[in-house]
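Novice: I am sharing final_28.cif, which consists of mmCIF, C-alpha atoms:
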```
data_structure
loop_
_atom_site.label_atom_id
_atom_site.label_comp_id
_atom_site.auth_asym_id
_atom_site.auth_seq_id
_atom_site.Cartn_x
_atom_site.Cartn_y
_atom_site.Cartn_z
CA MET U 1 0.00 0.00 0.00
CA SER U 2 1.28 3.46 -0.87
CA ILE U 3 0.52 6.80 0.75
CA GLY U 4 -1.73 8.71 -1.63
CA GLY U 5 -2.23 5.62 -3.76
CA THR U 6 -5.99 6.01 -4.11
CA ALA U 7 -5.65 9.64 -5.19
CA ALA U 8 -3.23 8.57 -7.93
CA TYR U 9 -6.23 7.20 -9.86
CA ASP U 10 -8.12 10.51 -9.92
CA ARG U 11 -7.24 11.38 -13.52
CA LEU U 12 -6.96 7.86 -14.92
CA THR U 13 -9.70 6.58 -17.20
CA GLU U 14 -8.31 3.43 -18.86
CA LEU U 15 -8.45 0.91 -16.01
CA PRO U 16 -9.57 -2.72 -15.81
CA PRO U 17 -13.21 -2.75 -14.58
CA LEU U 18 -12.33 -4.68 -11.42
CA VAL U 19 -9.60 -2.18 -10.55
CA ARG U 20 -12.02 0.69 -11.03
CA ARG U 21 -14.50 -1.03 -8.72
CA ALA U 22 -11.88 -1.46 -5.99
CA VAL U 23 -10.74 2.17 -6.32
CA GLU U 24 -14.32 3.35 -5.96
CA ALA U 25 -14.71 1.23 -2.81
CA ALA U 26 -11.55 2.78 -1.35
CA ARG U 27 -12.83 6.26 -2.11
CA ARG U 28 -16.19 5.58 -0.45
CA VAL U 29 -14.59 4.76 2.88
CA GLY U 30 -11.78 7.32 2.63
CA PHE U 31 -8.99 4.73 2.39
CA GLY U 32 -5.97 6.50 0.94
CA PRO U 33 -2.99 4.11 0.78
CA SER U 34 -4.08 1.86 -2.10
CA CYS U 35 -1.71 0.16 -4.51
CA ARG U 36 -0.46 2.81 -6.95
CA PRO U 37 -1.10 2.41 -10.70
CA GLU U 38 2.60 1.90 -11.44
CA GLN U 39 2.74 -0.98 -8.98
CA GLY U 40 -0.59 -2.31 -10.20
CA ARG U 41 0.63 -2.58 -13.77
CA LEU U 42 3.62 -4.60 -12.59
CA LEU U 43 1.33 -6.96 -10.67
CA TYR U 44 -0.96 -7.25 -13.71
CA ALA U 45 1.96 -8.36 -15.86
CA LEU U 46 3.37 -10.83 -13.33
CA ALA U 47 -0.02 -12.41 -12.59
CA ALA U 48 -0.33 -13.81 -16.11
CA GLY U 49 2.35 -16.40 -15.39
CA ALA U 50 0.93 -17.74 -12.11
CA GLU U 51 -1.60 -20.42 -11.22
CA THR U 52 -1.64 -19.57 -7.50
CA ILE U 53 -1.25 -16.01 -6.23
CA GLY U 54 -0.97 -14.77 -2.65
CA GLU U 55 -0.99 -11.26 -1.21
CA THR U 56 -0.63 -9.77 2.26
CA GLY U 57 -2.34 -6.44 2.91
CA THR U 58 -5.52 -6.41 0.84
CA GLY U 59 -6.60 -2.91 1.84
CA CYS U 60 -9.78 -2.30 -0.14
CA GLY U 61 -8.64 -4.65 -2.88
CA VAL U 62 -6.96 -2.39 -5.46
CA GLY U 63 -3.74 -4.40 -5.75
CA LEU U 64 -5.69 -7.64 -5.65
CA ALA U 65 -7.89 -6.31 -8.47
CA TRP U 66 -4.82 -5.69 -10.63
CA LEU U 67 -3.67 -9.25 -9.91
CA ALA U 68 -7.09 -10.75 -10.65
CA SER U 69 -7.41 -8.71 -13.85
CA GLY U 70 -4.08 -9.97 -15.15
CA ALA U 71 -4.41 -13.58 -13.98
CA ARG U 72 -5.05 -16.42 -16.40
CA PRO U 73 -8.42 -18.21 -16.37
CA GLY U 74 -8.56 -20.73 -13.54
CA ALA U 75 -5.88 -19.04 -11.43
CA ARG U 76 -6.52 -18.99 -7.66
CA LEU U 77 -5.89 -15.80 -5.65
CA VAL U 78 -5.72 -15.42 -1.86
CA SER U 79 -5.24 -12.15 0.04
CA VAL U 80 -5.05 -11.46 3.77
CA GLU U 81 -6.16 -8.22 5.46
CA ARG U 82 -5.81 -7.62 9.19
CA ASP U 83 -8.54 -4.93 9.33
CA ARG U 84 -11.82 -6.83 9.31
CA ARG U 85 -13.85 -3.91 7.97
CA ARG U 86 -11.56 -3.50 4.99
CA ALA U 87 -11.45 -7.27 4.48
CA SER U 88 -15.25 -7.34 4.33
CA LEU U 89 -15.34 -4.43 1.88
CA ALA U 90 -12.74 -6.07 -0.35
CA ALA U 91 -14.67 -9.33 -0.30
CA GLU U 92 -17.67 -7.41 -1.66
CA VAL U 93 -15.53 -6.07 -4.49
CA PHE U 94 -14.77 -9.64 -5.54
CA ALA U 95 -18.28 -11.01 -5.17
CA GLY U 96 -18.88 -13.11 -8.26
CA HIS U 97 -15.20 -14.08 -8.49
CA PRO U 98 -15.15 -17.46 -6.70
CA ARG U 99 -11.45 -18.07 -7.25
CA VAL U 100 -10.53 -14.88 -5.34
CA SER U 101 -10.52 -15.18 -1.51
CA VAL U 102 -10.05 -12.40 1.04
CA ILE U 103 -9.10 -13.68 4.51
CA PRO U 104 -9.39 -11.43 7.58
CA GLY U 105 -6.48 -11.86 9.97
CA ASP U 106 -2.75 -11.54 10.55
CA TRP U 107 -0.56 -11.81 7.46
CA ARG U 108 0.62 -15.26 8.53
CA GLU U 109 -2.78 -16.63 7.48
CA ILE U 110 -1.30 -16.58 3.99
CA HIS U 111 0.54 -19.81 4.88
CA ARG U 112 -2.60 -21.92 4.85
CA ASP U 113 -3.09 -21.74 1.08
CA GLY U 114 0.54 -21.80 -0.04
CA PRO U 115 2.88 -22.41 -1.65
CA TYR U 116 2.37 -19.85 -4.40
CA ASP U 117 3.67 -19.13 -7.88
CA LEU U 118 3.45 -15.39 -7.12
CA LEU U 119 3.48 -13.80 -3.67
CA VAL U 120 3.04 -10.06 -3.06
CA LEU U 121 4.11 -8.82 0.38
CA ASP U 122 2.32 -5.54 0.96
CA GLY U 123 0.85 -5.78 4.45
CA GLY U 124 3.13 -8.00 6.51
CA GLY U 125 6.01 -10.36 5.92
CA GLN U 126 8.33 -7.76 4.36
CA GLY U 127 10.59 -7.66 7.41
CA LYS U 128 10.05 -3.92 7.91
CA ASN U 129 10.19 -2.31 11.35
CA GLY U 130 11.88 -5.33 12.87
CA GLU U 131 9.13 -7.83 12.03
CA GLU U 132 9.99 -11.38 11.01
CA PRO U 133 10.17 -11.64 7.22
CA ALA U 134 8.22 -14.28 5.36
CA ASP U 135 10.05 -17.49 4.48
CA PRO U 136 10.12 -17.89 0.68
CA HIS U 137 10.98 -21.57 1.00
CA ARG U 138 7.65 -22.16 2.72
CA LEU U 139 5.53 -19.79 0.69
CA LEU U 140 6.96 -19.96 -2.85
CA ARG U 141 7.27 -22.84 -5.25
CA PRO U 142 10.71 -23.17 -6.88
CA GLY U 143 10.75 -20.68 -9.74
CA GLY U 144 8.01 -18.65 -8.06
CA THR U 145 8.10 -14.86 -7.88
CA LEU U 146 8.12 -12.65 -4.79
CA VAL U 147 7.27 -8.93 -4.84
CA VAL U 148 8.01 -6.50 -2.01
CA ASP U 149 6.50 -3.15 -2.90
CA ASP U 150 6.15 0.42 -1.66
CA LEU U 151 9.86 1.17 -1.41
CA THR U 152 11.70 4.43 -1.87
CA PRO U 153 14.15 3.98 -4.78
CA ALA U 154 17.72 3.41 -3.62
CA GLY U 155 20.07 6.18 -4.67
CA HIS U 156 23.25 4.49 -3.47
CA TRP U 157 24.56 1.26 -1.99
CA PRO U 158 23.79 -0.02 0.54
CA PRO U 159 20.20 1.27 0.34
CA ARG U 160 19.20 3.48 3.22
CA PHE U 161 15.90 4.52 4.73
CA GLY U 162 15.49 7.07 7.49
CA GLY U 163 19.23 7.64 7.59
CA MET U 164 20.02 3.98 8.30
CA VAL U 165 20.81 0.93 6.18
CA ASP U 166 17.51 -0.57 4.99
CA GLN U 167 17.87 -4.00 6.55
CA ALA U 168 14.57 -5.31 5.17
CA ARG U 169 15.57 -4.49 1.60
CA MET U 170 19.05 -5.92 2.15
CA HIS U 171 17.44 -9.13 3.42
CA TRP U 172 15.58 -9.68 0.15
CA LEU U 173 18.28 -8.48 -2.21
CA GLY U 174 20.85 -10.73 -0.53
CA HIS U 175 18.65 -13.73 0.27
CA PRO U 176 20.57 -16.94 -0.59
CA GLY U 177 17.47 -18.67 -1.91
CA LEU U 178 16.41 -15.87 -4.25
CA ASP U 179 17.58 -14.04 -7.34
CA ALA U 180 16.40 -10.50 -6.66
CA ALA U 181 16.51 -7.05 -8.21
CA GLU U 182 15.10 -3.65 -7.35
CA LEU U 183 12.84 -2.16 -10.03
CA ARG U 184 12.18 1.58 -10.15
CA LEU U 185 8.52 2.09 -11.04
CA ALA U 186 8.41 5.88 -10.64
CA PRO U 187 10.84 8.56 -9.42
CA ASP U 188 9.54 7.99 -5.88
CA LEU U 189 8.51 4.32 -6.02
CA ALA U 190 10.36 1.02 -6.30
CA ALA U 191 9.76 -2.68 -5.72
CA VAL U 192 11.96 -5.68 -5.10
CA VAL U 193 11.14 -8.56 -7.43
CA ALA U 194 12.73 -11.93 -6.71
CA THR U 195 12.56 -15.49 -8.04
CA ARG U 196 13.00 -18.51 -5.82
CA ARG U 197 15.92 -20.60 -6.99
CA PHE U 198 15.41 -24.23 -7.88
CA PRO U 199 17.06 -26.65 -5.41
CA GLU U 200 20.51 -27.76 -6.46
CA THR U 201 20.78 -31.41 -7.45
CA SER U 202 23.76 -33.47 -6.41
CA GLY U 203 25.51 -36.15 -8.41
CA THR U 204 25.84 -36.62 -12.15
CA ALA U 205 23.87 -38.72 -14.54
CA ASP U 206 25.52 -41.65 -16.31
CA GLY U 207 26.09 -40.97 -19.98
#
```
What's the structure tokens form of this structure?

Specialist:
Amino acid sequence: MSIGGTAAYDRLTELPPLVRRAVEAARRVGFGPSCRPEQGRLLYALAAGAETIGETGTGCGVGLAWLASGARPGARLVSVERDRRRASLAAEVFAGHPRVSVIPGDWREIHRDGPYDLLVLDGGGQGKNGEEPADPHRLLRPGGTLVVDDLTPAGHWPPRFGGMVDQARMHWLGHPGLDAAELRLAPDLAAVVATRRFPETSGTADG
């Protein structure tokens, strides 16, 4: 979720219908930090390659709507939202979409439907503010994609936030089980996108 994310849609007209519906729901209840359009377009593109998609931090469902709009037919999507009122509102947005589930609760509820081909960490599991980061080996299939969004673009190395080394970002960029890169989506917005490595195989085959 991004500060001012909902307002970023004010002058946009060409949006997937489900995204528009989620944005309107966010506006009705005055929820400001929705997934920004730049981030949403990234999620839309990544969703096309996934059969199972997970998300933490549903908000009012804007990011989830981008994912659902880009997903292939038959894909299953699960999102967790800790605020029960927002979870209920988001569930209404996806009424009529039986393969999209919104779960109220702590972000760790995402474990119950994993592992995933695509996992978006937006409301827990990022490792920010000293919290325990999600374990990609539990939550991602080998070759699966992880997205950590709502980052300030790094201007130097190591990346810093608030005057200190950004330990959460360093965790993902240096994770031994992932191949990760930071993508700049706008002058003030970036995301870490990572792929879970396939397990190494030992031994050699006879020729």

Novice: Counting all atoms listed in the file, which residues of region 38-129 of chain U fall within 12 Å of region 3-16 of chain U, and what is the closest atom pair for each with its distance in Å at one decimal, ordered by chain and rising number, as CSV?

Specialist:
```
residue,atom,partner,partner_atom,distance
U:Glu38,CA,U:Ala8,CA,9.5
U:Gln39,CA,U:Gly5,CA,9.8
U:Gly40,CA,U:Leu15,CA,10.3
U:Arg41,CA,U:Leu15,CA,10.0
U:Tyr44,CA,U:Pro16,CA,10.0
U:Gly59,CA,U:Thr6,CA,10.7
U:Cys60,CA,U:Thr6,CA,10.0
U:Gly61,CA,U:Thr6,CA,11.1
U:Val62,CA,U:Thr6,CA,8.6
U:Gly63,CA,U:Gly5,CA,10.3
U:Leu64,CA,U:Pro16,CA,11.9
U:Ala65,CA,U:Pro16,CA,8.3
U:Trp66,CA,U:Pro16,CA,7.6
U:Leu67,CA,U:Pro16,CA,10.6
U:Ala68,CA,U:Pro16,CA,9.9
U:Ser69,CA,U:Pro16,CA,6.7
U:Gly70,CA,U:Pro16,CA,9.1
```

Novice: Between region 64-126 of chain U and region 186-203 of chain U, at 10 Å or less, what are the per-residue closest atom pairs and their distances in Å? Count all atoms listed in the file, order by chain and rising residue number, and return it as a tab-separated table.

Specialist:
```
residue	atom	partner	partner_atom	distance
U:Asp117	CA	U:Arg196	CA	9.6
U:Leu118	CA	U:Thr195	CA	9.2
U:Leu119	CA	U:Ala194	CA	9.9
U:Val120	CA	U:Val193	CA	9.3
```

Novice: One decimal, Å: what's the distance from CA of Gly162 (chain U) over to CA of Gly127 (chain U), could you say?

Specialist: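 Separating CA of Gly162 (chain U) from CA of Gly127 (chain U) is a distance of 15.5 Å.
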
Novice: Quote the spacing between CA of Met164 (chain U) and CA of Gln126 (chain U) in Å to one decimal place.

Specialist: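 Going from CA of Met164 (chain U) over to CA of Gln126 (chain U) covers 17.0 Å.
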
Novice: The PyMOL selection byres ((chain U and resi 130) around 12) on the file shown: which residues, as an MDAnalysis selection string?

Specialist: chainID U and resid 124:129 131:133 166:169 171

Novice: The PyMOL selection byres ((chain U and resi 180) around 10) - which residues does that actually catch in the file I just gave you? List them as a PyMOL selection string.

Specialist: chain U and resi 145-147+172-179+181-183+192-196

Novice: Find the residues near Ser79 (chain U): any atom within 12 Å, counting all atoms listed in the file, skip ones fewer than 5 places away on the same chain, and give them as a VMD selection string.

Specialist: chain U and resid 52 to 65 67 to 68 86 to 88 90 to 91 94 99 to 114 116 118 to 124

Novice: Go ahead and save the residues from that selection, with C-alpha atoms, as a PDB file, in the frame of the given file.

Specialist:
```
ATOM      1  CA  THR U  52      -1.640 -19.570  -7.500  1.00  0.00           C
ATOM      2  CA  ILE U  53      -1.250 -16.010  -6.230  1.00  0.00           C
ATOM      3  CA  GLY U  54      -0.970 -14.770  -2.650  1.00  0.00           C
ATOM      4  CA  GLU U  55      -0.990 -11.260  -1.210  1.00  0.00           C
ATOM      5  CA  THR U  56      -0.630  -9.770   2.260  1.00  0.00           C
ATOM      6  CA  GLY U  57      -2.340  -6.440   2.910  1.00  0.00           C
ATOM      7  CA  THR U  58      -5.520  -6.410   0.840  1.00  0.00           C
ATOM      8  CA  GLY U  59      -6.600  -2.910   1.840  1.00  0.00           C
ATOM      9  CA  CYS U  60      -9.780  -2.300  -0.140  1.00  0.00           C
ATOM     10  CA  GLY U  61      -8.640  -4.650  -2.880  1.00  0.00           C
ATOM     11  CA  VAL U  62      -6.960  -2.390  -5.460  1.00  0.00           C
ATOM     12  CA  GLY U  63      -3.740  -4.400  -5.750  1.00  0.00           C
ATOM     13  CA  LEU U  64      -5.690  -7.640  -5.650  1.00  0.00           C
ATOM     14  CA  ALA U  65      -7.890  -6.310  -8.470  1.00  0.00           C
ATOM     15  CA  LEU U  67      -3.670  -9.250  -9.910  1.00  0.00           C
ATOM     16  CA  ALA U  68      -7.090 -10.750 -10.650  1.00  0.00           C
ATOM     17  CA  ARG U  86     -11.560  -3.500   4.990  1.00  0.00           C
ATOM     18  CA  ALA U  87     -11.450  -7.270   4.480  1.00  0.00           C
ATOM     19  CA  SER U  88     -15.250  -7.340   4.330  1.00  0.00           C
ATOM     20  CA  ALA U  90     -12.740  -6.070  -0.350  1.00  0.00           C
ATOM     21  CA  ALA U  91     -14.670  -9.330  -0.300  1.00  0.00           C
ATOM     22  CA  PHE U  94     -14.770  -9.640  -5.540  1.00  0.00           C
ATOM     23  CA  ARG U  99     -11.450 -18.070  -7.250  1.00  0.00           C
ATOM     24  CA  VAL U 100     -10.530 -14.880  -5.340  1.00  0.00           C
ATOM     25  CA  SER U 101     -10.520 -15.180  -1.510  1.00  0.00           C
ATOM     26  CA  VAL U 102     -10.050 -12.400   1.040  1.00  0.00           C
ATOM     27  CA  ILE U 103      -9.100 -13.680   4.510  1.00  0.00           C
ATOM     28  CA  PRO U 104      -9.390 -11.430   7.580  1.00  0.00           C
ATOM     29  CA  GLY U 105      -6.480 -11.860   9.970  1.00  0.00           C
ATOM     30  CA  ASP U 106      -2.750 -11.540  10.550  1.00  0.00           C
ATOM     31  CA  TRP U 107      -0.560 -11.810   7.460  1.00  0.00           C
ATOM     32  CA  ARG U 108       0.620 -15.260   8.530  1.00  0.00           C
ATOM     33  CA  GLU U 109      -2.780 -16.630   7.480  1.00  0.00           C
ATOM     34  CA  ILE U 110      -1.300 -16.580   3.990  1.00  0.00           C
ATOM     35  CA  HIS U 111       0.540 -19.810   4.880  1.00  0.00           C
ATOM     36  CA  ARG U 112      -2.600 -21.920   4.850  1.00  0.00           C
ATOM     37  CA  ASP U 113      -3.090 -21.740   1.080  1.00  0.00           C
ATOM     38  CA  GLY U 114       0.540 -21.800  -0.040  1.00  0.00           C
ATOM     39  CA  TYR U 116       2.370 -19.850  -4.400  1.00  0.00           C
ATOM     40  CA  LEU U 118       3.450 -15.390  -7.120  1.00  0.00           C
ATOM     41  CA  LEU U 119       3.480 -13.800  -3.670  1.00  0.00           C
ATOM     42  CA  VAL U 120       3.040 -10.060  -3.060  1.00  0.00           C
ATOM     43  CA  LEU U 121       4.110  -8.820   0.380  1.00  0.00           C
ATOM     44  CA  ASP U 122       2.320  -5.540   0.960  1.00  0.00           C
ATOM     45  CA  GLY U 123       0.850  -5.780   4.450  1.00  0.00           C
ATOM     46  CA  GLY U 124       3.130  -8.000   6.510  1.00  0.00           C
TER      47      GLY U 124
END
```

Novice: Between U:Arg82, U:Val19, U:Pro115, U:Pro37, single out the one closest to Arg138 (chain U), counting only C-alpha atoms.

Specialist: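 Answer, going by the shortest atom-to-atom distance: U:Pro115.
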
Novice: Find the distance between CA of Arg27 (chain U) and CA of Asp83 (chain U) and write it in Å to one decimal.

Specialist: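 Taking CA of Arg27 (chain U) as the start and CA of Asp83 (chain U) as the end point, the length is 16.6 Å.
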
Novice: If you take every atom of region 61-69 of chain U that the file lists and fit an axis-aligned box around them with 5 Å extra on each side, what centre and edge lengths come out in Å to one decimal, as AutoDock Vina command-line options?

Specialist:
```
--center_x -6.2 --center_y -6.6 --center_z -8.4 --size_x 15.0 --size_y 18.4 --size_z 21.0
```

Novice: Between U:Val93, U:Ala50, U:Pro142, U:Gly163, which is the closest to Pro17 (chain U) once you count only C-alpha atoms?

Specialist: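 Closest residue, counting only C-alpha atoms: U:Val93.
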
Novice: Compare U:Val80, U:Val29, U:Leu18, U:Ala154 by their minimum atom-to-atom distance to Ala95 (chain U), counting only C-alpha atoms, and give me the closest one.

Specialist: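 So, comparing all the options, the nearest one is U:Leu18.
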